[in-house]
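A.B. asks: Sending over entry.tsv (TSV, C-alpha atoms and all ligand atoms).
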```tsv
chain	number	residue	atom	x	y	z
P	1	MET	CA	111.37	58.77	132.53
P	2	SER	CA	113.68	60.28	135.12
P	3	GLY	CA	112.41	62.87	137.54
P	4	VAL	CA	114.57	65.49	135.88
P	5	ARG	CA	112.38	68.03	134.11
P	6	PRO	CA	113.44	68.63	130.52
P	7	ILE	CA	114.79	72.08	129.94
P	8	ALA	CA	112.20	74.01	128.00
P	9	ALA	CA	113.32	75.75	124.89
P	10	HIS	CA	113.75	79.42	125.73
P	11	ARG	CA	110.58	81.28	124.88
P	12	PRO	CA	110.67	84.96	125.77
P	13	LYS	CA	107.65	86.32	127.62
P	14	PRO	CA	105.52	88.44	125.37
P	15	GLY	CA	106.79	91.88	126.15
P	16	LYS	CA	108.66	94.86	124.91
P	17	ASP	CA	111.17	93.12	122.66
P	18	SER	CA	109.48	89.92	121.63
P	19	PRO	CA	107.59	89.63	118.37
P	20	PRO	CA	103.88	89.17	119.12
P	21	ALA	CA	102.42	85.81	118.15
P	22	THR	CA	100.09	87.46	115.61
P	23	GLY	CA	102.98	88.41	113.33
P	24	HIS	CA	102.19	92.07	114.08
P	25	ARG	CA	105.37	94.16	113.98
P	26	ARG	CA	106.07	96.73	116.66
P	27	ARG	CA	106.29	100.23	115.38
P	28	LEU	CA	109.57	102.10	115.30
P	29	ARG	CA	110.38	104.04	118.46
P	30	TYR	CA	111.24	107.69	118.12
P	31	ARG	CA	112.95	110.16	120.38
P	32	GLY	CA	111.02	113.12	121.76
P	33	LYS	CA	107.34	113.94	121.69
P	34	ASN	CA	106.50	113.67	118.02
P	35	PRO	CA	107.75	111.37	115.27
P	36	ARG	CA	109.91	113.34	112.85
P	37	ARG	CA	111.22	110.76	110.45
P	38	PHE	CA	109.14	109.48	107.55
P	39	ALA	CA	109.18	105.83	108.68
P	40	GLU	CA	108.25	106.74	112.29
P	41	LYS	CA	105.04	108.58	111.38
P	42	TYR	CA	103.03	105.45	111.94
P	43	LYS	CA	99.69	107.23	112.34
P	44	GLU	CA	100.07	109.09	109.07
P	45	HIS	CA	100.92	105.81	107.32
P	46	ASP	CA	97.59	104.35	108.47
P	47	PRO	CA	94.97	106.92	107.41
P	48	ALA	CA	91.99	104.59	107.81
P	49	ARG	CA	92.79	104.14	111.51
P	50	TYR	CA	93.99	107.62	112.41
P	51	ALA	CA	91.64	109.92	110.47
P	52	ALA	CA	91.79	112.68	113.11
P	53	THR	CA	95.61	112.84	112.95
P	54	ILE	CA	95.49	112.99	109.15
P	55	ALA	CA	92.95	115.84	109.29
P	56	LYS	CA	95.25	117.76	111.68
P	57	VAL	CA	98.30	117.29	109.42
P	58	ILE	CA	96.32	118.51	106.38
P	59	ALA	CA	94.88	121.47	108.32
P	60	ALA	CA	98.47	122.49	109.09
P	61	GLY	CA	99.16	122.73	105.33
P	62	LYS	CA	101.21	119.52	105.26
P	63	THR	CA	100.94	116.25	103.40
P	64	PRO	CA	100.57	113.14	105.58
P	65	ALA	CA	103.54	110.77	105.22
P	66	GLY	CA	103.01	108.04	102.63
P	67	SER	CA	100.24	109.90	100.83
P	68	HIS	CA	99.76	112.61	98.21
P	69	ARG	CA	97.18	115.39	98.05
P	70	PRO	CA	95.81	115.67	94.51
P	71	ILE	CA	96.10	119.16	93.03
P	72	MET	CA	93.35	121.19	91.29
P	73	VAL	CA	90.85	118.33	91.43
P	74	ALA	CA	87.79	120.53	90.80
P	75	GLU	CA	89.45	122.28	87.84
P	76	ILE	CA	90.56	118.94	86.35
P	77	LEU	CA	87.07	117.45	86.70
P	78	GLU	CA	85.64	120.50	85.01
P	79	VAL	CA	87.93	120.37	81.96
P	80	LEU	CA	87.89	116.58	81.61
P	81	ALA	CA	84.13	116.27	82.32
P	82	PRO	CA	84.15	112.47	82.88
P	83	ARG	CA	80.87	110.77	81.98
P	84	PRO	CA	79.37	107.32	82.65
P	85	GLY	CA	80.68	104.64	80.30
P	86	GLU	CA	83.81	106.55	79.29
P	87	VAL	CA	87.39	105.29	79.20
P	88	ALA	CA	89.96	107.32	81.14
P	89	ILE	CA	93.73	107.00	81.32
P	90	ASP	CA	95.54	108.44	84.32
P	91	CYS	CA	99.11	108.44	83.01
P	92	THR	CA	100.62	109.39	86.39
P	93	LEU	CA	98.55	107.42	88.89
P	94	GLY	CA	100.71	108.28	91.95
P	95	TYR	CA	98.58	107.94	95.09
P	96	GLY	CA	95.46	107.71	92.95
P	97	GLY	CA	93.91	110.93	94.26
P	98	HIS	CA	92.76	112.16	90.85
P	99	ALA	CA	91.77	108.63	89.81
P	100	GLU	CA	89.65	108.32	92.96
P	101	ALA	CA	87.74	111.48	91.97
P	102	ILE	CA	87.34	110.47	88.30
P	103	LEU	CA	86.39	106.80	88.76
P	104	PRO	CA	82.88	107.23	90.28
P	105	ARG	CA	81.97	109.67	87.49
P	106	LEU	CA	82.70	106.98	84.87
P	107	GLN	CA	80.14	104.63	86.40
P	108	PRO	CA	78.18	102.78	85.33
P	109	GLY	CA	80.12	101.09	82.60
P	110	GLY	CA	83.31	103.17	82.43
P	111	ARG	CA	86.86	102.26	83.32
P	112	LEU	CA	90.17	103.84	84.18
P	113	LEU	CA	93.63	102.61	83.29
P	114	GLY	CA	96.23	103.93	85.75
P	115	LEU	CA	99.87	104.08	84.60
P	116	ASP	CA	102.93	104.84	86.67
P	117	ALA	CA	106.66	104.23	86.28
P	118	ASP	CA	107.13	103.62	90.01
P	119	PRO	CA	107.23	99.90	90.94
P	120	ILE	CA	107.33	100.69	94.68
P	121	GLU	CA	104.26	102.91	95.03
P	122	LEU	CA	102.08	101.45	92.25
P	123	PRO	CA	101.09	98.20	94.07
P	124	LYS	CA	100.20	100.22	97.20
P	125	THR	CA	97.96	102.52	95.17
P	126	GLU	CA	96.36	99.60	93.36
P	127	ALA	CA	95.56	98.01	96.74
P	128	ARG	CA	94.26	101.33	98.10
P	129	LEU	CA	91.88	101.84	95.17
P	130	ARG	CA	90.73	98.21	95.36
P	131	SER	CA	89.96	98.70	99.06
P	132	LEU	CA	87.74	101.63	98.05
P	133	GLY	CA	85.69	99.22	95.91
P	134	PHE	CA	87.13	99.83	92.43
P	135	ASP	CA	87.24	96.31	90.99
P	136	PRO	CA	89.29	95.20	87.96
P	137	GLY	CA	86.29	95.81	85.70
P	138	MET	CA	86.50	99.52	86.57
P	139	PHE	CA	90.17	100.06	87.30
P	140	VAL	CA	93.42	98.49	86.10
P	141	ALA	CA	96.94	99.55	87.12
P	142	HIS	CA	99.91	99.08	84.81
P	143	ARG	CA	103.55	99.88	85.56
P	144	THR	CA	104.95	101.66	82.56
P	145	ASN	CA	106.41	104.93	81.38
P	146	PHE	CA	103.77	107.14	79.77
P	147	ALA	CA	106.10	107.59	76.79
P	148	GLY	CA	104.75	104.14	75.81
P	149	LEU	CA	101.10	105.24	75.96
P	150	PRO	CA	100.05	103.62	72.63
P	151	GLN	CA	101.53	100.28	73.75
P	152	ALA	CA	99.84	100.59	77.16
P	153	LEU	CA	96.47	101.14	75.46
P	154	ALA	CA	97.03	98.17	73.14
P	155	HIS	CA	98.06	96.02	76.12
P	156	ALA	CA	94.79	96.92	77.89
P	157	GLY	CA	92.72	96.35	74.73
P	158	ILE	CA	91.69	100.02	74.55
P	159	ASP	CA	91.37	101.53	71.06
P	160	GLY	CA	91.13	105.14	72.24
P	161	ALA	CA	90.53	107.18	75.40
P	162	ASP	CA	87.82	109.72	76.16
P	163	ILE	CA	89.95	111.23	78.91
P	164	ILE	CA	93.70	111.43	79.47
P	165	LEU	CA	95.32	112.99	82.52
P	166	ALA	CA	98.99	113.57	83.30
P	167	ASP	CA	100.09	115.18	86.56
P	168	LEU	CA	103.82	115.50	86.00
P	169	GLY	CA	106.76	115.27	88.37
P	170	VAL	CA	107.01	113.33	91.59
P	171	SER	CA	104.49	112.31	94.22
P	172	SER	CA	104.69	113.30	97.87
P	173	MET	CA	105.33	109.64	98.73
P	174	GLN	CA	108.46	109.71	96.57
P	175	LEU	CA	109.50	113.18	97.75
P	176	ASP	CA	109.11	112.49	101.45
P	177	ASP	CA	110.66	109.02	101.60
P	178	PRO	CA	114.38	109.56	102.28
P	179	THR	CA	115.27	106.11	100.92
P	180	ARG	CA	114.23	107.26	97.41
P	181	GLY	CA	116.79	110.09	97.35
P	182	PHE	CA	114.38	112.88	96.34
P	183	SER	CA	114.41	114.55	99.74
P	184	VAL	CA	116.45	117.71	100.22
P	185	LYS	CA	115.50	117.81	103.90
P	186	HIS	CA	116.45	114.29	105.00
P	187	ASP	CA	119.65	112.46	104.18
P	188	GLY	CA	119.39	109.36	102.02
P	189	PRO	CA	121.07	107.74	99.04
P	190	LEU	CA	121.35	110.15	96.10
P	191	ASP	CA	119.10	108.16	93.77
P	192	LEU	CA	116.22	110.27	92.38
P	193	ARG	CA	114.84	107.55	90.09
P	194	MET	CA	111.09	107.02	89.79
P	195	ASN	CA	111.88	103.45	88.79
P	196	PRO	CA	114.96	102.36	90.78
P	197	GLN	CA	115.16	99.19	88.65
P	198	ARG	CA	116.03	101.22	85.52
P	199	GLY	CA	118.92	103.54	84.60
P	200	GLN	CA	121.48	104.88	87.03
P	201	PRO	CA	121.16	106.70	90.34
P	202	ALA	CA	121.92	110.43	90.38
P	203	SER	CA	125.15	109.83	92.35
P	204	VAL	CA	126.58	107.70	89.48
P	205	PHE	CA	125.27	110.14	86.87
P	206	LEU	CA	127.02	113.04	88.66
P	207	GLU	CA	130.26	111.14	89.06
P	208	LYS	CA	130.44	110.47	85.30
P	209	ILE	CA	129.26	113.79	83.86
P	210	HIS	CA	131.63	116.39	82.30
P	211	PRO	CA	131.38	119.86	83.90
P	212	ASP	CA	130.44	121.52	80.56
P	213	LYS	CA	127.56	119.12	80.13
P	214	LEU	CA	126.42	119.74	83.70
P	215	VAL	CA	126.36	123.52	83.10
P	216	ARG	CA	124.00	123.00	80.13
P	217	LEU	CA	121.85	120.57	82.07
P	218	LEU	CA	121.46	122.90	85.09
P	219	LEU	CA	120.44	125.73	82.76
P	220	GLU	CA	118.08	123.70	80.59
P	221	ASN	CA	116.40	121.66	83.32
P	222	ALA	CA	116.19	124.24	86.11
P	223	ASP	CA	117.27	127.73	84.88
P	224	GLU	CA	119.96	127.60	87.60
P	225	PRO	CA	121.65	131.04	87.72
P	226	HIS	CA	124.82	129.65	89.39
P	227	ALA	CA	125.22	126.80	86.89
P	228	ALA	CA	128.75	127.87	85.83
P	229	THR	CA	129.97	127.97	89.45
P	230	LEU	CA	128.22	124.81	90.58
P	231	ALA	CA	129.07	122.50	87.67
P	232	PRO	CA	132.86	122.23	88.31
P	233	ALA	CA	132.19	121.76	92.04
P	234	LEU	CA	129.78	118.86	91.47
P	235	ALA	CA	130.69	117.10	88.19
P	236	GLY	CA	132.96	114.08	88.57
P	237	LYS	CA	132.59	114.08	92.36
P	238	LEU	CA	131.51	111.13	94.45
P	239	LEU	CA	128.48	112.42	96.38
P	240	PRO	CA	126.67	109.31	97.58
P	241	GLY	CA	123.95	110.99	99.66
P	242	THR	CA	121.37	113.76	99.32
P	243	GLY	CA	123.01	115.44	102.34
P	244	SER	CA	126.46	115.41	100.75
P	245	LEU	CA	125.10	116.91	97.49
P	246	ALA	CA	123.23	119.65	99.37
P	247	ALA	CA	126.37	120.42	101.42
P	248	ALA	CA	128.56	120.57	98.28
P	249	ILE	CA	126.12	123.03	96.64
P	250	ARG	CA	126.09	125.28	99.73
P	251	ALA	CA	129.91	125.12	99.99
P	252	ALA	CA	130.27	126.13	96.32
P	253	LEU	CA	128.17	129.26	96.91
P	254	PRO	CA	129.84	130.87	99.97
P	255	ARG	CA	128.85	134.43	99.02
P	256	VAL	CA	125.23	133.60	98.18
P	257	ASP	CA	122.74	134.23	101.00
P	258	THR	CA	121.19	131.22	102.70
P	259	GLU	CA	117.74	131.56	101.16
P	260	ALA	CA	119.10	131.86	97.62
P	261	ALA	CA	121.51	128.95	98.20
P	262	GLU	CA	118.59	126.76	99.33
P	263	LEU	CA	116.78	127.60	96.08
P	264	SER	CA	119.89	126.48	94.20
P	265	VAL	CA	119.88	123.22	96.17
P	266	ARG	CA	116.28	122.59	95.07
P	267	ARG	CA	116.99	123.51	91.46
P	268	VAL	CA	120.04	121.20	91.25
P	269	PHE	CA	117.96	118.32	92.63
P	270	GLN	CA	115.24	119.10	90.07
P	271	ALA	CA	117.75	119.24	87.19
P	272	LEU	CA	119.30	115.91	88.19
P	273	ARG	CA	115.88	114.28	88.66
P	274	ILE	CA	114.80	115.38	85.18
P	275	ALA	CA	118.07	114.01	83.76
P	276	VAL	CA	118.15	110.59	85.46
P	277	ASN	CA	114.49	109.95	84.60
P	278	ASP	CA	114.82	111.35	81.07
P	279	GLU	CA	111.69	113.36	81.83
P	280	PHE	CA	111.73	115.79	78.91
P	281	SER	CA	112.16	113.10	76.31
P	282	ALA	CA	109.34	111.03	77.90
P	283	LEU	CA	107.09	114.13	77.87
P	284	ASP	CA	107.93	114.96	74.23
P	285	THR	CA	107.16	111.39	73.12
P	286	PHE	CA	103.91	111.38	75.13
P	287	LEU	CA	102.79	114.71	73.63
P	288	ARG	CA	103.51	113.39	70.13
P	289	HIS	CA	101.39	110.26	70.69
P	290	LEU	CA	98.54	112.02	72.50
P	291	PRO	CA	96.17	112.91	69.61
P	292	SER	CA	96.25	109.37	68.20
P	293	CYS	CA	95.40	107.95	71.66
P	294	LEU	CA	92.30	110.15	72.11
P	295	ARG	CA	88.91	109.34	70.62
P	296	PRO	CA	87.24	112.09	68.59
P	297	GLY	CA	86.06	114.72	71.10
P	298	GLY	CA	88.34	113.23	73.80
P	299	ARG	CA	89.85	115.54	76.44
P	300	VAL	CA	93.35	115.74	77.86
P	301	ALA	CA	94.54	117.70	80.92
P	302	ILE	CA	98.18	118.13	81.92
P	303	LEU	CA	99.47	119.55	85.20
P	304	THR	CA	103.03	120.88	85.03
P	305	PHE	CA	105.31	122.20	87.76
P	306	HIS	CA	108.06	124.15	86.01
P	307	SER	CA	108.64	126.18	82.88
P	308	GLY	CA	110.52	123.41	80.99
P	309	GLU	CA	107.40	121.20	81.19
P	310	ASP	CA	104.83	123.92	80.59
P	311	ARG	CA	106.63	125.25	77.48
P	312	ARG	CA	106.54	121.78	75.91
P	313	VAL	CA	102.83	121.25	76.64
P	314	LYS	CA	101.88	124.73	75.41
P	315	LYS	CA	103.84	124.27	72.15
P	316	ALA	CA	102.46	120.77	71.46
P	317	PHE	CA	98.84	121.87	72.06
P	318	ALA	CA	99.28	124.95	69.84
P	319	ALA	CA	100.78	122.77	67.06
P	320	GLY	CA	97.89	120.29	67.42
P	321	LEU	CA	95.37	123.14	67.10
P	322	ARG	CA	97.10	124.40	63.95
P	323	ASP	CA	97.23	120.99	62.27
P	324	GLY	CA	93.60	120.16	63.20
P	325	SER	CA	94.34	117.35	65.68
P	326	TYR	CA	92.74	119.43	68.45
P	327	SER	CA	89.56	121.46	68.08
P	328	ASN	CA	90.15	123.59	71.21
P	329	VAL	CA	93.02	124.14	73.63
P	330	ALA	CA	93.35	126.17	76.83
P	331	GLU	CA	94.03	129.78	75.85
P	332	GLU	CA	95.36	130.61	79.28
P	333	VAL	CA	97.04	128.46	81.82
P	334	ILE	CA	94.84	127.61	84.85
P	335	ARG	CA	96.44	128.10	88.29
P	336	PRO	CA	95.40	126.77	91.72
P	337	THR	CA	93.23	129.10	93.77
P	338	ALA	CA	94.84	131.11	96.58
P	339	ALA	CA	92.95	128.90	99.05
P	340	GLU	CA	94.47	125.73	97.56
P	341	ARG	CA	97.97	127.24	97.52
P	342	ARG	CA	97.59	128.16	101.19
P	343	SER	CA	96.20	124.79	102.24
P	344	ASN	CA	98.64	122.77	100.09
P	345	PRO	CA	101.88	124.68	99.41
P	346	ARG	CA	102.99	121.88	97.07
P	347	SER	CA	100.35	123.12	94.61
P	348	THR	CA	101.95	126.58	94.36
P	349	SER	CA	103.82	126.16	91.06
P	350	ALA	CA	101.15	124.00	89.35
P	351	LYS	CA	99.88	125.00	85.90
P	352	LEU	CA	97.00	123.23	84.18
P	353	ARG	CA	96.51	123.10	80.41
P	354	TRP	CA	93.88	121.13	78.46
P	355	ALA	CA	93.04	120.24	74.87
P	356	ARG	CA	90.12	118.61	73.07
P	357	ARG	CA	90.61	116.17	70.19
P	358	ALA	CA	88.88	117.28	67.00
P	359	LEU	CA	85.73	115.34	66.07
P	360	CYS	CA	87.28	114.61	62.70
P	361	SER	CA	90.80	115.59	61.81
P	362	SER	CA	92.75	115.78	58.61
L	1	LIG	C1	102.55	114.20	90.90
L	1	LIG	S1	102.50	112.47	90.99
L	1	LIG	C2	100.85	112.07	90.55
L	1	LIG	C3	99.88	112.15	91.67
L	1	LIG	C4	98.50	111.70	91.32
L	1	LIG	N1	97.88	112.53	90.33
L	1	LIG	C5	97.63	111.59	92.56
L	1	LIG	O1	96.57	112.23	92.59
L	1	LIG	O2	98.00	110.90	93.49
L	1	LIG	C6	103.39	112.00	89.59
L	1	LIG	C7	103.49	110.51	89.38
L	1	LIG	O3	103.85	110.30	88.03
L	1	LIG	C8	104.79	109.29	87.94
L	1	LIG	N2	105.55	109.55	86.72
L	1	LIG	C9	106.36	110.59	86.47
L	1	LIG	N3	106.85	110.50	85.23
L	1	LIG	C10	106.34	109.38	84.67
L	1	LIG	C11	106.44	108.77	83.40
L	1	LIG	N4	107.22	109.28	82.43
L	1	LIG	N5	105.74	107.65	83.17
L	1	LIG	C12	104.94	107.12	84.14
L	1	LIG	N6	104.81	107.66	85.37
L	1	LIG	C13	105.49	108.78	85.63
L	1	LIG	C14	105.59	109.38	89.21
L	1	LIG	O4	106.17	108.12	89.51
L	1	LIG	C15	104.54	109.80	90.22
L	1	LIG	O5	103.97	108.71	90.85
```
With the file now loaded, output its structure as structure tokens.
C.D. replies:
Amino acid sequence: MSGVRPIAAHRPKPGKDSPPATGHRRRLRYRGKNPRRFAEKYKEHDPARYAATIAKVIAAGKTPAGSHRPIMVAEILEVLAPRPGEVAIDCTLGYGGHAEAILPRLQPGGRLLGLDADPIELPKTEARLRSLGFDPGMFVAHRTNFAGLPQALAHAGIDGADIILADLGVSSMQLDDPTRGFSVKHDGPLDLRMNPQRGQPASVFLEKIHPDKLVRLLLENADEPHAATLAPALAGKLLPGTGSLAAAIRAALPRVDTEAAELSVRRVFQALRIAVNDEFSALDTFLRHLPSCLRPGGRVAILTFHSGEDRRVKKAFAAGLRDGSYSNVAEEVIRPTAAERRSNPRSTSAKLRWARRALCSS
């Protein structure tokens, strides 16, 4: 061997820019004192490690990034009254907040099937609930649309449920993540799909729709008062991002004051979200199948967030009471307490309705 030392392959010193040997990834850097963007809020994304930060965010009336605060938990537990040994279906598992409250009350011997259409969040929630000790004997997650509830029950070998819960709409994880396209506040692709592997993103939907159809859709899905002005300004246009859609809505309403224009922005997003996810038709199908999926005496609770949803639930429950499928239904809608609305502003528009399956029906 010559005395010349072989040149060592370049190995950067562990430091600022090198990946640590453990495979641990450095967190994203942010400008300024506090992280503002969803992906940068690394403490909020790790609640087990940063409990004090999470408590501060919640105390400020906000929802920690990457999580969801379940709404009207006490009221839902009261109307569903879960008991040991029972079978529960959470049709909108989301972050699993309601499921986490229901699951211990089903023990010993009970189980909960959690459904959700979202293939991105569902595995995270399944892992989160497993880490809390809910094993596959107690809890199973299944990615599906709740319109297929009878098939989901058959798939899980369940012949009827004692408890069914649906908490409609989107989760905070979906809403706050700009890459999903639900966020009015942060720019991202105009997608708005709960399952991005199905259907078409809102940008494509908008580019193809006729203005007359968009007027009807804005009225039906969001009671938008400026539907006739907005539809020609938006239909057939290429608006690839949430920011470009919001800007086009504001530009189409130059004489509307800022606060009212922002409400229109929210309503247009809601109307498009309902359309691209076919939410009303999924809800109608679900409501039709509900009685046959409940055991005699079984309870169902549904949380809605706008009049289009609540009207459908109210009508279906009233029809079920008349035809004897249900023995009792909520006479009045139940609203979150003032304290909950203050501490979690996302609960403000929530309405809870419940029904009980008749012990024997015609
Ligand atoms: C408001 S969040 C539920 C939050 C949940 N209750 C919790 O405590 O974390 C609504 C969830 O329902 C899901 N979802 C909405 N429509 C659905 C449908 N038709 N079928 C299945 N899941 C649906 C969404 O993907 C979202 O995760």
A.B. asks: Using 7 Å as the limit and counting all atoms listed in the file, can you tabulate each residue of chain P that touches ligand LIG 1 (chain L), with its shortest atom-to-atom distance in Å and the two atoms involved, as a Markdown table?
C.D. replies:
```
| residue | atom | partner | partner_atom | distance |
| --- | --- | --- | --- | --- |
| P:His68 | CA | L:LIG1 | O2 | 5.3 |
| P:Arg69 | CA | L:LIG1 | O1 | 6.3 |
| P:Pro70 | CA | L:LIG1 | O1 | 4.0 |
| P:Ile71 | CA | L:LIG1 | O1 | 7.0 |
| P:Cys91 | CA | L:LIG1 | C12 | 6.1 |
| P:Thr92 | CA | L:LIG1 | O3 | 3.7 |
| P:Leu93 | CA | L:LIG1 | C4 | 4.9 |
| P:Gly94 | CA | L:LIG1 | O5 | 3.5 |
| P:Tyr95 | CA | L:LIG1 | O2 | 3.4 |
| P:Gly96 | CA | L:LIG1 | O2 | 4.1 |
| P:Gly97 | CA | L:LIG1 | O1 | 3.4 |
| P:His98 | CA | L:LIG1 | O1 | 4.2 |
| P:Ala99 | CA | L:LIG1 | O1 | 6.6 |
| P:Leu115 | CA | L:LIG1 | C12 | 5.9 |
| P:Asp116 | CA | L:LIG1 | N6 | 3.6 |
| P:Ala117 | CA | L:LIG1 | C12 | 4.0 |
| P:Asp118 | CA | L:LIG1 | O4 | 4.6 |
| P:Thr144 | CA | L:LIG1 | C12 | 5.7 |
| P:Asn145 | CA | L:LIG1 | N5 | 3.3 |
| P:Phe146 | CA | L:LIG1 | N5 | 4.0 |
| P:Ala147 | CA | L:LIG1 | N4 | 6.0 |
| P:Asp167 | CA | L:LIG1 | C1 | 5.1 |
| P:Leu168 | CA | L:LIG1 | C6 | 5.0 |
| P:Gly169 | CA | L:LIG1 | C6 | 4.9 |
| P:Val170 | CA | L:LIG1 | C6 | 4.3 |
| P:Ser171 | CA | L:LIG1 | S1 | 3.8 |
| P:Met194 | CA | L:LIG1 | O4 | 5.0 |
| P:Glu279 | CA | L:LIG1 | N4 | 6.1 |
| P:Ala282 | CA | L:LIG1 | N4 | 5.3 |
| P:Leu283 | CA | L:LIG1 | N4 | 6.7 |
```
A.B. asks: Save out the residues we just selected, C-alpha atoms, as a PDB file, in the coordinates of the input.
C.D. replies:
```pdb
ATOM      1  CA  HIS P  68      99.760 112.610  98.210  1.00  0.00           C
ATOM      2  CA  ARG P  69      97.180 115.390  98.050  1.00  0.00           C
ATOM      3  CA  PRO P  70      95.810 115.670  94.510  1.00  0.00           C
ATOM      4  CA  ILE P  71      96.100 119.160  93.030  1.00  0.00           C
ATOM      5  CA  CYS P  91      99.110 108.440  83.010  1.00  0.00           C
ATOM      6  CA  THR P  92     100.620 109.390  86.390  1.00  0.00           C
ATOM      7  CA  LEU P  93      98.550 107.420  88.890  1.00  0.00           C
ATOM      8  CA  GLY P  94     100.710 108.280  91.950  1.00  0.00           C
ATOM      9  CA  TYR P  95      98.580 107.940  95.090  1.00  0.00           C
ATOM     10  CA  GLY P  96      95.460 107.710  92.950  1.00  0.00           C
ATOM     11  CA  GLY P  97      93.910 110.930  94.260  1.00  0.00           C
ATOM     12  CA  HIS P  98      92.760 112.160  90.850  1.00  0.00           C
ATOM     13  CA  ALA P  99      91.770 108.630  89.810  1.00  0.00           C
ATOM     14  CA  LEU P 115      99.870 104.080  84.600  1.00  0.00           C
ATOM     15  CA  ASP P 116     102.930 104.840  86.670  1.00  0.00           C
ATOM     16  CA  ALA P 117     106.660 104.230  86.280  1.00  0.00           C
ATOM     17  CA  ASP P 118     107.130 103.620  90.010  1.00  0.00           C
ATOM     18  CA  THR P 144     104.950 101.660  82.560  1.00  0.00           C
ATOM     19  CA  ASN P 145     106.410 104.930  81.380  1.00  0.00           C
ATOM     20  CA  PHE P 146     103.770 107.140  79.770  1.00  0.00           C
ATOM     21  CA  ALA P 147     106.100 107.590  76.790  1.00  0.00           C
ATOM     22  CA  ASP P 167     100.090 115.180  86.560  1.00  0.00           C
ATOM     23  CA  LEU P 168     103.820 115.500  86.000  1.00  0.00           C
ATOM     24  CA  GLY P 169     106.760 115.270  88.370  1.00  0.00           C
ATOM     25  CA  VAL P 170     107.010 113.330  91.590  1.00  0.00           C
ATOM     26  CA  SER P 171     104.490 112.310  94.220  1.00  0.00           C
ATOM     27  CA  MET P 194     111.090 107.020  89.790  1.00  0.00           C
ATOM     28  CA  GLU P 279     111.690 113.360  81.830  1.00  0.00           C
ATOM     29  CA  ALA P 282     109.340 111.030  77.900  1.00  0.00           C
ATOM     30  CA  LEU P 283     107.090 114.130  77.870  1.00  0.00           C
TER      31      LEU P 283
END
```
A.B. asks: Kindly give the distance, in Å, that separates CA of Ile102 in chain P and CA of Asp135 in chain P, rounded to a single decimal.
C.D. replies: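 A separation of 14.4 Å between them.
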A.B. asks: Would you mind listing what lies within 12 Å of range 251-264 of chain P as number ranges by chain, with only C-alpha atoms counted and same-chain residues fewer than 6 positions away left out?
C.D. replies: P: 184-185, 218-219, 222-234, 244-245, 270-271
A.B. asks: Select, from P:Ala318, P:Leu352, P:Leu214, P:Leu290, the residue with the minimum atom-to-atom distance to Gly148 in chain P, counting only C-alpha atoms.
C.D. replies: P:Leu290
A.B. asks: State, in Å with one decimal place, the distance from CA of Ala166 in chain P to CA of Ile302 in chain P.
C.D. replies: 4.8 Å
